[in-house]
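Shown next, in structure tokens, is the structure this report addresses.
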Amino acid sequence: MTISIDPQKTNNESLQPKGWLRYFSFSLDHKVIGIQYLVCGFLFYLIGGTLASAIRIELASPMSDFMPRDVYNQVLTLHGTIMIFLWIVPVVNGAFGNYLIPFYVGARDMAFPRLNAVAFWLIPPSGLMLVASYFVEGAAQAGWTAYPPLSITTPQSGQIIWILSVLLLGGSSIFGGINFIATIIKLRRPGLKLMQLPMYCWAMLGTSLLVVLSTPVLAGTLILLSFDIIANTGFFNPVLGGNVVVYQHLFWFYSHPAVYIMVLPAFGLVSEILPVHARKPLFGYTTMVFSIMGIVVLGLVVWAHHMFTSGTPPWMRLFFTIATAFIAVPTGIKFFNWVATLWGGKISINSAMLFSCGFIINFVFGGITGVALAQVPFDIHVHDTYFVVAHFHYIVYGGTVFIIFSSIYHWFPKVTGKMLNEKLGILHFIITFIGFNLCFAPQHWLGLNGMPRRVAEYDPQFQFVNQISSLGALLMAISTIPFLINVFLSVRNGKNAGDNPWNALTPEWLTSSPPPVENWKGEAPLVEEPYGYGKEISQQK
Amino acid sequence: MTTLDSSKEIQKNNSEVNETHEDFRMFGLITFLIADGMTFAGFFAAYLTYKAVNPLPDGAIYELELPIPTLNTILLLISSATFHKAGKALLKDKNSDSQKWLFFTAFLGIIFLICQLFEYFHLPFGLTDNLFASTFYALTGFHGLHVTLGTLMILIISWQSRINGGRLTSQNMFPLEAVELYWHFVDGIWVVLFIILYLL
């Protein structure tokens with residue numbers, strides 16, 4: 001059975017609000033939805049960043065003098081939850097996925113445009129709920145992991161709002177994942193083979209499989225947790241015969257894949273950006289595809305490496321150590337592929353390229369500490385210390401957030417038709433890179449020396465290093481200022497970009513910038529070699 | 001490969017196109033059901049882990065009677081068959097037959113829910129009595145929620161398959177096919193649940 005698309009019905013440009021108003025409407029255009037995701041996510045990034053600054057101000061001195069201890073716990077819970085569920089996951093999946101995937105598969109929109117709009121419009125209300133949960137009596141203070149018994153014994157109204165909010169965000173994520181799988185597998189332009197797709201499609205396919213397979217388990221777990229809080233059942237309450245380790249297993253069955261949900265799309269985006277600015281084909285396309293799928297499969301069977309201190313039996317420790325170490329293989333393949341893509345290329349040093357290179361440097365560091373953390377003896381030593389905080393932020397900030405900025409610099413001309421200011425962009429990169437490393441590199445040392453995480457007070461001997469870290473956080477906060485100035489100035493008075501300022505070959509650049517409604521005037525182009533850079537030059541000769 | 005020049009040609013060709021594409025709503029539904037199945041998988045995993053590692057306190061009551069759930073299993077299996085009949089009838093443009101089969105399927109779903117509630121009211125344990133009781137009610141309750149939604153959807157499509165002015169025809173089978181797939185899924189989950197919860 002086929003569905004016919006009536007142009008009278010879909011080209012209802014006159015019915016849609018024009019200009020900036022459409023970003024506040026229930027628009028079905030994937031490009032509008034992508035920008036909605038991005039801007040909404042960035043606003044929550046600013047909130048989460050403010051909370052992070054509050055944490056670092058508190059930690060500049062060993063005593064809890066900036067805020068009381070319970071407020072500190074509430075702030076770090078909100079910081080973690082906002083950054084993961086409202087900034088990284090929606091932006092790196094929802095924003096760039098919605099904007100780019102229909103171009104890459106040669107379609108006019110996502111497979112299910114209405115579902116797409118519903119998925120986005122679940123985010124603002126649940127984000128507001130999450131922020132509001134801080135202001136009720138008994139705000140959530142059990143961390144973003146919400147481990148019981150802490151989450152069921154502390155005051156609970158805030159925790160319940162937190163659970164409802166995360167459930168809605170999980171639903172949004174699942175709807176998005178279904179849409180991406182259907183779009184990539186079913187909505188490809190006739191003649192476009194799977195192995196000709198740009199790498200970001202593969203990354204999003206892998207990510208969406210992880211979303212569809214693991215997010216429902218988190219939803220089920222949180223439903224059981226809310227039963228424990230509301231109905232006084234004892235699933236995770238040891239006093240009533242429950243088992244907290246079951247929560248940890250179910251939670252990490254989602255939340256370890258969640259790390260890949262946050263970082264695989266970034267792998268895809270960097271694979272789009274590097275070839276364009278190095279003027280070389282992406283090195284090792286096929287190995288890249290197989291390593292993404294390898295990470296998806298392995299990513300589902302490594303969750304218990306978060307629980308080596310939770311009384312896991314030796315066989316389980318052995319299995320999960322080995323499985324985790326295996327993930328280093330596909331990840332290493334990807335790392336070497338990016339370096340080989342740059343090797344001998346005609347590299348332009350611009351903001352997008354700098355942020356991508358910053359990503360490669362930070363990510364290899366976070367990857368190495370990740371392999372170290374997979375080893376049981378080492379993990380037991382540094383468990384729940386700042387070493388884990390440093391490792392995690394090297395992956396998620398040094399990795400994913402760097403790529404989000406890199407992508408904004410790369411695709412800003414596509415979205416607006418205007419160039420961003422390069423000088424401000426490079427300034428943004430330098431402050432971010434120095435600030436980030438100054439903030440998180442010293443935390444490895446803090447962790448190895450035994451400073452526990454998630455505690456407002458610490459041993460005074462750690463004060464100097466913590467102050468260095470706080471200084472880095474200050475720089476990171478400052479770094480958003482040139483970025484915001486850059487965006488606001490460039491949207492109004494930026495240099496005109498033309499349709500394809502980077503001379504890129506991926507399909508989204510083969511239409512006008514900004515693209516028309518329904519993406520293409522006429523038929524979508526068939527791009528068989530999205531990375532054919534060297535070949536293009538030889539053909540022109 | 002496409003060069004930049006050919007793309008400009010494409011842009012010049014600004015004609016309105018009336019395209020068709022394959023219907024992949026069923027594909028989306030299957031993906032959603034896989035996700036839904038993972039929720040149940042999480043619950044089953046939790047239940048089996050509890051059974052293996054968390055012994056119940058002395059004197060805890062966890063006996064289940066088999067007659068009602070066995071009847072319920074048979075009811076759901078029959079309802080899957082009657083739903084299939086409804087689809088066959090609609091394919092042959094026999095809308096009134098299709099509607100009868102759909103009503104019968106919904107009726108079986110309602111009987112299932114009544115039996116489930118009857119079992120709840122006559123069980124010797126409550127939600128918070130012990131870990132087994134809590135998991136039992138969570139699992140069967142979550143499944144019952146699915147049956148309730150399914151029954152409501154069957155009633156809606158049986159209204160849509162009415163002869164005059166109904167939108168469900170042999171040309172537009174998707175609503176019926178979608179609900180049918182969902183209903184078979186819910187039946188399948190029940191069979192797994194029956195084996196794990198009542199028989200094991």
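Scheme for the structure tokens: letters A, B, ... for chains in order shown; per-chain residue numbers from 1; ligand numbers from 1 in order shown.
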List every residue of segment 131-167 of chain B that has an atom at most 10 Å from any atom of segment 69-89 of chain B, and for each one report the closest atom pair and its distance in Å to one decimal, counting only C-alpha atoms, with rows sorted by chain and then by increasing residue number, as JSON lines.
{"residue": "B:Val147", "atom": "CA", "partner": "B:Leu76", "partner_atom": "CA", "distance": 9.6}
{"residue": "B:Ile154", "atom": "CA", "partner": "B:Phe83", "partner_atom": "CA", "distance": 9.1}
{"residue": "B:Ser158", "atom": "CA", "partner": "B:Ala86", "partner_atom": "CA", "distance": 9.5}
Next, the residues of the selection above should be written as a compact mmCIF listing (two decimals), in the first residue's frame with N, CA and C atoms.
# COMPACT_ATOMS: atom_id res chain seq x y z
N VAL B 147 -4.38 -4.15 28.17
CA VAL B 147 -5.63 -4.75 27.70
C VAL B 147 -6.73 -3.68 27.67
N ILE B 154 -10.30 -1.17 20.23
CA ILE B 154 -11.16 -2.05 19.44
C ILE B 154 -12.56 -1.45 19.34
N SER B 158 -14.36 -0.49 15.91
CA SER B 158 -15.62 -1.13 15.54
C SER B 158 -16.67 -0.06 15.22
Nearby residues (only C-alpha atoms) at most 8 Å from Gln443 of chain A, same-chain spacing under 3 positions excluded, as a PyMOL selection string: chain A and resi 386-387+389-390+439-440+446-447+465-466+469
Only C-alpha atoms, please: the residues just picked out, written as a PDB file, in the first residue's frame.
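Final file, again-v3.pdb:
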ATOM      1  CA  TYR A 386      36.352  12.973  41.323  1.00  0.00           C
ATOM      2  CA  PHE A 387      38.211  10.678  38.904  1.00  0.00           C
ATOM      3  CA  VAL A 389      33.544  13.047  37.423  1.00  0.00           C
ATOM      4  CA  ALA A 390      36.600  13.980  35.341  1.00  0.00           C
ATOM      5  CA  CYS A 439      38.489  22.612  35.147  1.00  0.00           C
ATOM      6  CA  PHE A 440      38.516  18.850  34.662  1.00  0.00           C
ATOM      7  CA  LEU A 446      41.738  14.845  43.154  1.00  0.00           C
ATOM      8  CA  GLY A 447      40.022  11.529  42.517  1.00  0.00           C
ATOM      9  CA  VAL A 465      43.571  22.129  43.183  1.00  0.00           C
ATOM     10  CA  ASN A 466      39.851  22.732  43.602  1.00  0.00           C
ATOM     11  CA  SER A 469      39.284  23.706  38.809  1.00  0.00           C
TER      12      SER A 469
END
Chain B contacts on chain A, only C-alpha atoms, 8 Å, as a PDB file with N, CA and C atoms, in the first residue's frame:
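Wrote it out as result_19.pdb, contents follow:
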ATOM      1  N   MET A   1       0.838  -1.199   0.000  1.00  0.00           N
ATOM      2  CA  MET A   1       0.000   0.000   0.000  1.00  0.00           C
ATOM      3  C   MET A   1       0.873   1.249   0.000  1.00  0.00           C
ATOM      4  N   THR A   2       0.509   2.228  -0.733  1.00  0.00           N
ATOM      5  CA  THR A   2       1.306   3.452  -0.774  1.00  0.00           C
ATOM      6  C   THR A   2       0.460   4.631  -0.338  1.00  0.00           C
ATOM      7  N   ILE A   3       1.139   5.649   0.124  1.00  0.00           N
ATOM      8  CA  ILE A   3       0.461   6.873   0.521  1.00  0.00           C
ATOM      9  C   ILE A   3       0.814   7.929  -0.499  1.00  0.00           C
ATOM     10  N   SER A   4      -0.151   8.604  -1.058  1.00  0.00           N
ATOM     11  CA  SER A   4       0.204   9.652  -1.997  1.00  0.00           C
ATOM     12  C   SER A   4       0.226  10.977  -1.245  1.00  0.00           C
ATOM     13  N   ILE A   5       1.206  11.791  -1.607  1.00  0.00           N
ATOM     14  CA  ILE A   5       1.352  13.083  -0.953  1.00  0.00           C
ATOM     15  C   ILE A   5       0.749  14.127  -1.858  1.00  0.00           C
ATOM     16  N   ASP A   6      -0.271  14.766  -1.397  1.00  0.00           N
ATOM     17  CA  ASP A   6      -0.933  15.789  -2.186  1.00  0.00           C
ATOM     18  C   ASP A   6      -0.195  17.104  -1.985  1.00  0.00           C
ATOM     19  N   PRO A   7       0.361  17.677  -3.057  1.00  0.00           N
ATOM     20  CA  PRO A   7       1.121  18.919  -2.865  1.00  0.00           C
ATOM     21  C   PRO A   7       0.256  20.045  -2.326  1.00  0.00           C
ATOM     22  N   ALA A 111       9.840  10.656   8.672  1.00  0.00           N
ATOM     23  CA  ALA A 111       8.821   9.677   8.319  1.00  0.00           C
ATOM     24  C   ALA A 111       7.486  10.011   8.973  1.00  0.00           C
ATOM     25  N   ILE A 174      12.013   8.179  22.911  1.00  0.00           N
ATOM     26  CA  ILE A 174      11.597   6.968  22.194  1.00  0.00           C
ATOM     27  C   ILE A 174      10.882   7.343  20.897  1.00  0.00           C
ATOM     28  N   ILE A 178      12.059   6.126  17.167  1.00  0.00           N
ATOM     29  CA  ILE A 178      11.225   5.408  16.192  1.00  0.00           C
ATOM     30  C   ILE A 178      11.234   6.151  14.862  1.00  0.00           C
ATOM     31  N   ASN A 179      11.104   7.479  14.956  1.00  0.00           N
ATOM     32  CA  ASN A 179      11.074   8.305  13.762  1.00  0.00           C
ATOM     33  C   ASN A 179      12.378   8.208  12.978  1.00  0.00           C
ATOM     34  N   ALA A 182      12.676   4.732  11.233  1.00  0.00           N
ATOM     35  CA  ALA A 182      11.800   4.640  10.061  1.00  0.00           C
ATOM     36  C   ALA A 182      12.315   5.516   8.926  1.00  0.00           C
ATOM     37  N   LYS A 186      13.388   3.421   5.849  1.00  0.00           N
ATOM     38  CA  LYS A 186      12.276   3.360   4.903  1.00  0.00           C
ATOM     39  C   LYS A 186      12.172   4.549   3.961  1.00  0.00           C
ATOM     40  N   LEU A 187      12.689   5.699   4.348  1.00  0.00           N
ATOM     41  CA  LEU A 187      12.375   6.905   3.574  1.00  0.00           C
ATOM     42  C   LEU A 187      13.520   7.317   2.656  1.00  0.00           C
ATOM     43  N   VAL A 212      15.542   2.845  21.471  1.00  0.00           N
ATOM     44  CA  VAL A 212      14.322   2.033  21.456  1.00  0.00           C
ATOM     45  C   VAL A 212      14.479   0.808  22.366  1.00  0.00           C
ATOM     46  N   LEU A 213      15.685   0.254  22.444  1.00  0.00           N
ATOM     47  CA  LEU A 213      15.858  -0.959  23.239  1.00  0.00           C
ATOM     48  C   LEU A 213      16.057  -0.675  24.726  1.00  0.00           C
ATOM     49  N   SER A 214      16.651   0.474  25.077  1.00  0.00           N
ATOM     50  CA  SER A 214      17.018   0.631  26.488  1.00  0.00           C
ATOM     51  C   SER A 214      16.164   1.644  27.245  1.00  0.00           C
ATOM     52  N   THR A 215      15.683   2.702  26.572  1.00  0.00           N
ATOM     53  CA  THR A 215      14.916   3.715  27.308  1.00  0.00           C
ATOM     54  C   THR A 215      13.666   3.146  27.977  1.00  0.00           C
ATOM     55  N   PRO A 216      12.916   2.211  27.335  1.00  0.00           N
ATOM     56  CA  PRO A 216      11.729   1.671  28.023  1.00  0.00           C
ATOM     57  C   PRO A 216      12.060   0.987  29.338  1.00  0.00           C
ATOM     58  N   VAL A 217      13.262   0.414  29.433  1.00  0.00           N
ATOM     59  CA  VAL A 217      13.633  -0.239  30.692  1.00  0.00           C
ATOM     60  C   VAL A 217      13.765   0.797  31.793  1.00  0.00           C
ATOM     61  N   LEU A 218      14.339   1.962  31.459  1.00  0.00           N
ATOM     62  CA  LEU A 218      14.422   3.035  32.448  1.00  0.00           C
ATOM     63  C   LEU A 218      13.021   3.469  32.855  1.00  0.00           C
ATOM     64  N   ALA A 219      12.114   3.569  31.871  1.00  0.00           N
ATOM     65  CA  ALA A 219      10.746   3.977  32.186  1.00  0.00           C
ATOM     66  C   ALA A 219      10.123   3.000  33.177  1.00  0.00           C
ATOM     67  N   GLY A 220      10.265   1.682  32.897  1.00  0.00           N
ATOM     68  CA  GLY A 220       9.722   0.688  33.810  1.00  0.00           C
ATOM     69  C   GLY A 220      10.320   0.802  35.201  1.00  0.00           C
ATOM     70  N   THR A 221      11.632   1.009  35.259  1.00  0.00           N
ATOM     71  CA  THR A 221      12.310   1.131  36.542  1.00  0.00           C
ATOM     72  C   THR A 221      11.792   2.320  37.333  1.00  0.00           C
ATOM     73  N   LEU A 224       8.443   1.649  38.849  1.00  0.00           N
ATOM     74  CA  LEU A 224       8.558   0.874  40.091  1.00  0.00           C
ATOM     75  C   LEU A 224       9.049   1.768  41.234  1.00  0.00           C
ATOM     76  N   ALA A 231       3.177   4.433  46.816  1.00  0.00           N
ATOM     77  CA  ALA A 231       2.292   3.387  47.322  1.00  0.00           C
ATOM     78  C   ALA A 231       2.939   2.563  48.425  1.00  0.00           C
ATOM     79  N   ASN A 232       4.176   2.927  48.815  1.00  0.00           N
ATOM     80  CA  ASN A 232       4.812   2.247  49.930  1.00  0.00           C
ATOM     81  C   ASN A 232       5.086   0.764  49.633  1.00  0.00           C
ATOM     82  N   THR A 233       5.303   0.432  48.374  1.00  0.00           N
ATOM     83  CA  THR A 233       5.756  -0.922  48.069  1.00  0.00           C
ATOM     84  C   THR A 233       7.248  -1.030  48.393  1.00  0.00           C
ATOM     85  N   GLY A 234       7.800  -2.221  48.233  1.00  0.00           N
ATOM     86  CA  GLY A 234       9.197  -2.396  48.645  1.00  0.00           C
ATOM     87  C   GLY A 234      10.104  -2.944  47.579  1.00  0.00           C
ATOM     88  N   PHE A 235       9.886  -2.539  46.307  1.00  0.00           N
ATOM     89  CA  PHE A 235      10.736  -3.096  45.250  1.00  0.00           C
ATOM     90  C   PHE A 235      12.209  -2.840  45.528  1.00  0.00           C
ATOM     91  N   LEU A 240      11.693  -3.348  53.473  1.00  0.00           N
ATOM     92  CA  LEU A 240      10.493  -4.114  53.138  1.00  0.00           C
ATOM     93  C   LEU A 240      10.840  -5.350  52.299  1.00  0.00           C
ATOM     94  N   GLY A 241      12.110  -5.775  52.340  1.00  0.00           N
ATOM     95  CA  GLY A 241      12.490  -6.986  51.629  1.00  0.00           C
ATOM     96  C   GLY A 241      12.909  -6.761  50.195  1.00  0.00           C
ATOM     97  N   GLY A 242      13.032  -5.499  49.773  1.00  0.00           N
ATOM     98  CA  GLY A 242      13.392  -5.214  48.388  1.00  0.00           C
ATOM     99  C   GLY A 242      14.887  -5.308  48.150  1.00  0.00           C
ATOM    100  N   ASN A 243      15.288  -4.927  46.943  1.00  0.00           N
ATOM    101  CA  ASN A 243      16.674  -5.142  46.545  1.00  0.00           C
ATOM    102  C   ASN A 243      17.155  -3.923  45.767  1.00  0.00           C
ATOM    103  N   VAL A 246      18.880  -4.463  42.220  1.00  0.00           N
ATOM    104  CA  VAL A 246      18.035  -4.637  41.029  1.00  0.00           C
ATOM    105  C   VAL A 246      17.802  -3.284  40.359  1.00  0.00           C
ATOM    106  N   LEU A 250      18.817  -2.342  36.473  1.00  0.00           N
ATOM    107  CA  LEU A 250      17.861  -1.841  35.490  1.00  0.00           C
ATOM    108  C   LEU A 250      18.220  -0.426  35.066  1.00  0.00           C
ATOM    109  N   LEU A 505      30.107  18.419  -0.131  1.00  0.00           N
ATOM    110  CA  LEU A 505      29.419  17.535  -1.081  1.00  0.00           C
ATOM    111  C   LEU A 505      28.239  16.799  -0.467  1.00  0.00           C
ATOM    112  N   LEU A 510      23.320  20.906  -1.183  1.00  0.00           N
ATOM    113  CA  LEU A 510      22.948  20.960  -2.588  1.00  0.00           C
ATOM    114  C   LEU A 510      21.605  21.636  -2.799  1.00  0.00           C
ATOM    115  N   THR A 511      21.105  22.327  -1.776  1.00  0.00           N
ATOM    116  CA  THR A 511      19.892  23.113  -1.923  1.00  0.00           C
ATOM    117  C   THR A 511      20.223  24.508  -1.424  1.00  0.00           C
ATOM    118  N   TRP A 520      13.751  20.506  -1.179  1.00  0.00           N
ATOM    119  CA  TRP A 520      14.297  20.557  -2.530  1.00  0.00           C
ATOM    120  C   TRP A 520      13.269  21.200  -3.447  1.00  0.00           C
ATOM    121  N   LYS A 521      13.759  22.018  -4.367  1.00  0.00           N
ATOM    122  CA  LYS A 521      12.878  22.450  -5.441  1.00  0.00           C
ATOM    123  C   LYS A 521      13.029  21.413  -6.528  1.00  0.00           C
ATOM    124  N   GLY A 522      12.013  20.620  -6.737  1.00  0.00           N
ATOM    125  CA  GLY A 522      12.151  19.498  -7.662  1.00  0.00           C
ATOM    126  C   GLY A 522      12.609  18.260  -6.918  1.00  0.00           C
ATOM    127  N   GLU A 523      13.205  17.337  -7.678  1.00  0.00           N
ATOM    128  CA  GLU A 523      13.553  16.047  -7.109  1.00  0.00           C
ATOM    129  C   GLU A 523      14.808  16.159  -6.244  1.00  0.00           C
ATOM    130  N   ALA A 524      14.884  15.314  -5.232  1.00  0.00           N
ATOM    131  CA  ALA A 524      16.073  15.316  -4.383  1.00  0.00           C
ATOM    132  C   ALA A 524      17.260  14.759  -5.158  1.00  0.00           C
ATOM    133  N   PRO A 525      18.471  15.362  -4.999  1.00  0.00           N
ATOM    134  CA  PRO A 525      19.628  14.853  -5.730  1.00  0.00           C
ATOM    135  C   PRO A 525      20.068  13.498  -5.170  1.00  0.00           C
ATOM    136  N   LEU A 526      20.645  12.690  -6.047  1.00  0.00           N
ATOM    137  CA  LEU A 526      21.168  11.398  -5.616  1.00  0.00           C
ATOM    138  C   LEU A 526      22.664  11.575  -5.356  1.00  0.00           C
ATOM    139  N   VAL A 527      23.058  11.526  -4.096  1.00  0.00           N
ATOM    140  CA  VAL A 527      24.465  11.715  -3.746  1.00  0.00           C
ATOM    141  C   VAL A 527      25.054  10.353  -3.439  1.00  0.00           C
ATOM    142  N   GLU A 528      25.822   9.819  -4.372  1.00  0.00           N
ATOM    143  CA  GLU A 528      26.370   8.480  -4.156  1.00  0.00           C
ATOM    144  C   GLU A 528      27.680   8.527  -3.399  1.00  0.00           C
ATOM    145  N   GLU A 529      28.406   9.635  -3.531  1.00  0.00           N
ATOM    146  CA  GLU A 529      29.680   9.738  -2.812  1.00  0.00           C
ATOM    147  C   GLU A 529      29.692  11.021  -2.000  1.00  0.00           C
TER     148      GLU A 529
END
Those in segment 28-102 of chain B with alpha helix (DSSP H) from DSSP, as a PyMOL selection string: chain B and resi 28-53+67-91+95-102
Shell of 7 Å around Phe320 of chain A, only C-alpha atoms, local chain residues under 5 positions omitted, as a list in words: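 Counting only C-alpha atoms, the residues come to Val302, Ala304 and His305 of chain A.
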All residues 10 Å or closer to segment 327-335 of chain A, only C-alpha atoms, same chain fewer than 6 positions away omitted, as an NGL selection string: :A and (264 or 267 or 271 or 283-285 or 287-299 or 302 or 341 or 360-361 or 363-364 or 367-368 or 370-371)
Write the residues you've just listed into a file as a PDB file, in the first residue's frame, and include N, CA and C atoms for each of them.
ATOM      1  N   LEU A 264      27.515   8.770  20.418  1.00  0.00           N
ATOM      2  CA  LEU A 264      27.541   8.243  19.040  1.00  0.00           C
ATOM      3  C   LEU A 264      27.139   9.298  18.004  1.00  0.00           C
ATOM      4  N   PHE A 267      30.007  11.319  17.239  1.00  0.00           N
ATOM      5  CA  PHE A 267      30.925  10.624  16.319  1.00  0.00           C
ATOM      6  C   PHE A 267      30.488  10.856  14.879  1.00  0.00           C
ATOM      7  N   SER A 271      32.396  13.104  11.893  1.00  0.00           N
ATOM      8  CA  SER A 271      32.742  12.457  10.624  1.00  0.00           C
ATOM      9  C   SER A 271      32.205  13.234   9.433  1.00  0.00           C
ATOM     10  N   PHE A 283      38.150   8.678   5.953  1.00  0.00           N
ATOM     11  CA  PHE A 283      38.988   7.478   5.903  1.00  0.00           C
ATOM     12  C   PHE A 283      38.218   6.300   6.486  1.00  0.00           C
ATOM     13  N   GLY A 284      38.211   5.163   5.788  1.00  0.00           N
ATOM     14  CA  GLY A 284      37.663   3.921   6.351  1.00  0.00           C
ATOM     15  C   GLY A 284      36.167   3.948   6.594  1.00  0.00           C
ATOM     16  N   TYR A 285      35.380   4.278   5.547  1.00  0.00           N
ATOM     17  CA  TYR A 285      33.922   4.376   5.717  1.00  0.00           C
ATOM     18  C   TYR A 285      33.345   3.078   6.276  1.00  0.00           C
ATOM     19  N   THR A 287      34.736   0.473   7.852  1.00  0.00           N
ATOM     20  CA  THR A 287      35.124   0.147   9.233  1.00  0.00           C
ATOM     21  C   THR A 287      34.381   1.052  10.203  1.00  0.00           C
ATOM     22  N   MET A 288      34.147   2.304   9.774  1.00  0.00           N
ATOM     23  CA  MET A 288      33.410   3.241  10.631  1.00  0.00           C
ATOM     24  C   MET A 288      31.998   2.705  10.885  1.00  0.00           C
ATOM     25  N   VAL A 289      31.333   2.224   9.820  1.00  0.00           N
ATOM     26  CA  VAL A 289      29.971   1.703   9.961  1.00  0.00           C
ATOM     27  C   VAL A 289      29.974   0.504  10.912  1.00  0.00           C
ATOM     28  N   PHE A 290      30.913  -0.421  10.679  1.00  0.00           N
ATOM     29  CA  PHE A 290      30.917  -1.615  11.516  1.00  0.00           C
ATOM     30  C   PHE A 290      31.301  -1.284  12.956  1.00  0.00           C
ATOM     31  N   SER A 291      32.165  -0.291  13.159  1.00  0.00           N
ATOM     32  CA  SER A 291      32.501   0.012  14.550  1.00  0.00           C
ATOM     33  C   SER A 291      31.335   0.684  15.257  1.00  0.00           C
ATOM     34  N   ILE A 292      30.520   1.477  14.513  1.00  0.00           N
ATOM     35  CA  ILE A 292      29.327   2.046  15.158  1.00  0.00           C
ATOM     36  C   ILE A 292      28.397   0.919  15.601  1.00  0.00           C
ATOM     37  N   MET A 293      28.151  -0.045  14.697  1.00  0.00           N
ATOM     38  CA  MET A 293      27.232  -1.127  15.052  1.00  0.00           C
ATOM     39  C   MET A 293      27.846  -2.007  16.149  1.00  0.00           C
ATOM     40  N   GLY A 294      29.189  -2.158  16.123  1.00  0.00           N
ATOM     41  CA  GLY A 294      29.846  -2.898  17.199  1.00  0.00           C
ATOM     42  C   GLY A 294      29.639  -2.230  18.539  1.00  0.00           C
ATOM     43  N   ILE A 295      29.726  -0.888  18.552  1.00  0.00           N
ATOM     44  CA  ILE A 295      29.523  -0.161  19.808  1.00  0.00           C
ATOM     45  C   ILE A 295      28.084  -0.347  20.281  1.00  0.00           C
ATOM     46  N   VAL A 296      27.127  -0.370  19.322  1.00  0.00           N
ATOM     47  CA  VAL A 296      25.719  -0.543  19.712  1.00  0.00           C
ATOM     48  C   VAL A 296      25.526  -1.890  20.408  1.00  0.00           C
ATOM     49  N   VAL A 297      26.087  -2.961  19.800  1.00  0.00           N
ATOM     50  CA  VAL A 297      25.891  -4.299  20.379  1.00  0.00           C
ATOM     51  C   VAL A 297      26.607  -4.394  21.728  1.00  0.00           C
ATOM     52  N   LEU A 298      27.887  -3.990  21.749  1.00  0.00           N
ATOM     53  CA  LEU A 298      28.644  -4.094  22.999  1.00  0.00           C
ATOM     54  C   LEU A 298      28.073  -3.164  24.067  1.00  0.00           C
ATOM     55  N   GLY A 299      27.577  -1.984  23.625  1.00  0.00           N
ATOM     56  CA  GLY A 299      27.066  -1.017  24.580  1.00  0.00           C
ATOM     57  C   GLY A 299      25.902  -1.541  25.407  1.00  0.00           C
ATOM     58  N   VAL A 302      27.420  -4.003  28.776  1.00  0.00           N
ATOM     59  CA  VAL A 302      28.536  -3.605  29.638  1.00  0.00           C
ATOM     60  C   VAL A 302      28.075  -2.857  30.887  1.00  0.00           C
ATOM     61  N   THR A 341      41.837  10.786   8.384  1.00  0.00           N
ATOM     62  CA  THR A 341      41.122  11.701   7.492  1.00  0.00           C
ATOM     63  C   THR A 341      41.848  13.039   7.425  1.00  0.00           C
ATOM     64  N   ILE A 360      38.688  15.598  19.377  1.00  0.00           N
ATOM     65  CA  ILE A 360      39.518  14.394  19.234  1.00  0.00           C
ATOM     66  C   ILE A 360      40.491  14.296  20.405  1.00  0.00           C
ATOM     67  N   ILE A 361      41.098  15.438  20.766  1.00  0.00           N
ATOM     68  CA  ILE A 361      42.082  15.430  21.855  1.00  0.00           C
ATOM     69  C   ILE A 361      41.401  15.065  23.179  1.00  0.00           C
ATOM     70  N   PHE A 363      38.545  13.644  23.670  1.00  0.00           N
ATOM     71  CA  PHE A 363      37.877  12.353  23.693  1.00  0.00           C
ATOM     72  C   PHE A 363      38.870  11.216  23.878  1.00  0.00           C
ATOM     73  N   VAL A 364      40.057  11.306  23.283  1.00  0.00           N
ATOM     74  CA  VAL A 364      41.014  10.215  23.457  1.00  0.00           C
ATOM     75  C   VAL A 364      41.427  10.152  24.927  1.00  0.00           C
ATOM     76  N   GLY A 367      38.612   8.579  26.749  1.00  0.00           N
ATOM     77  CA  GLY A 367      38.554   7.163  26.398  1.00  0.00           C
ATOM     78  C   GLY A 367      39.579   6.359  27.168  1.00  0.00           C
ATOM     79  N   ILE A 368      40.775   6.929  27.321  1.00  0.00           N
ATOM     80  CA  ILE A 368      41.822   6.195  28.046  1.00  0.00           C
ATOM     81  C   ILE A 368      41.421   6.013  29.510  1.00  0.00           C
ATOM     82  N   GLY A 370      38.510   5.861  30.523  1.00  0.00           N
ATOM     83  CA  GLY A 370      37.393   4.919  30.505  1.00  0.00           C
ATOM     84  C   GLY A 370      37.877   3.483  30.551  1.00  0.00           C
ATOM     85  N   VAL A 371      38.912   3.177  29.751  1.00  0.00           N
ATOM     86  CA  VAL A 371      39.468   1.826  29.780  1.00  0.00           C
ATOM     87  C   VAL A 371      40.045   1.542  31.167  1.00  0.00           C
TER      88      VAL A 371
END
Interatomic distance (Å, one decimal) between atom CA of Arg189 of chain A and atom CA of Val39 of chain A: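 Separation between atom CA of Arg189 of chain A and atom CA of Val39 of chain A: 29.4 Å.
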Counting only C-alpha atoms, the option among B:Asn95, B:Gly109, B:Phe118, B:Leu149 closest to Asn164 of chain B: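 Smallest separation from Asn164 of chain B among the options: B:Asn95.
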One-decimal distance in Å that lies between atom CA of Lys51 of chain B and atom CA of Ser255 of chain A: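 Result for atom CA of Ser255 of chain A versus atom CA of Lys51 of chain B: 24.4 Å, one decimal.
Residues lying within 7 Å of segment 46-48 of chain A, counting only C-alpha atoms and ignoring same-chain neighbours fewer than 2 positions away, are A:Phe42, A:Leu43, A:Phe44, A:Thr50, A:Leu51, A:Ala52, A:His79, A:Ile82, A:Met83.
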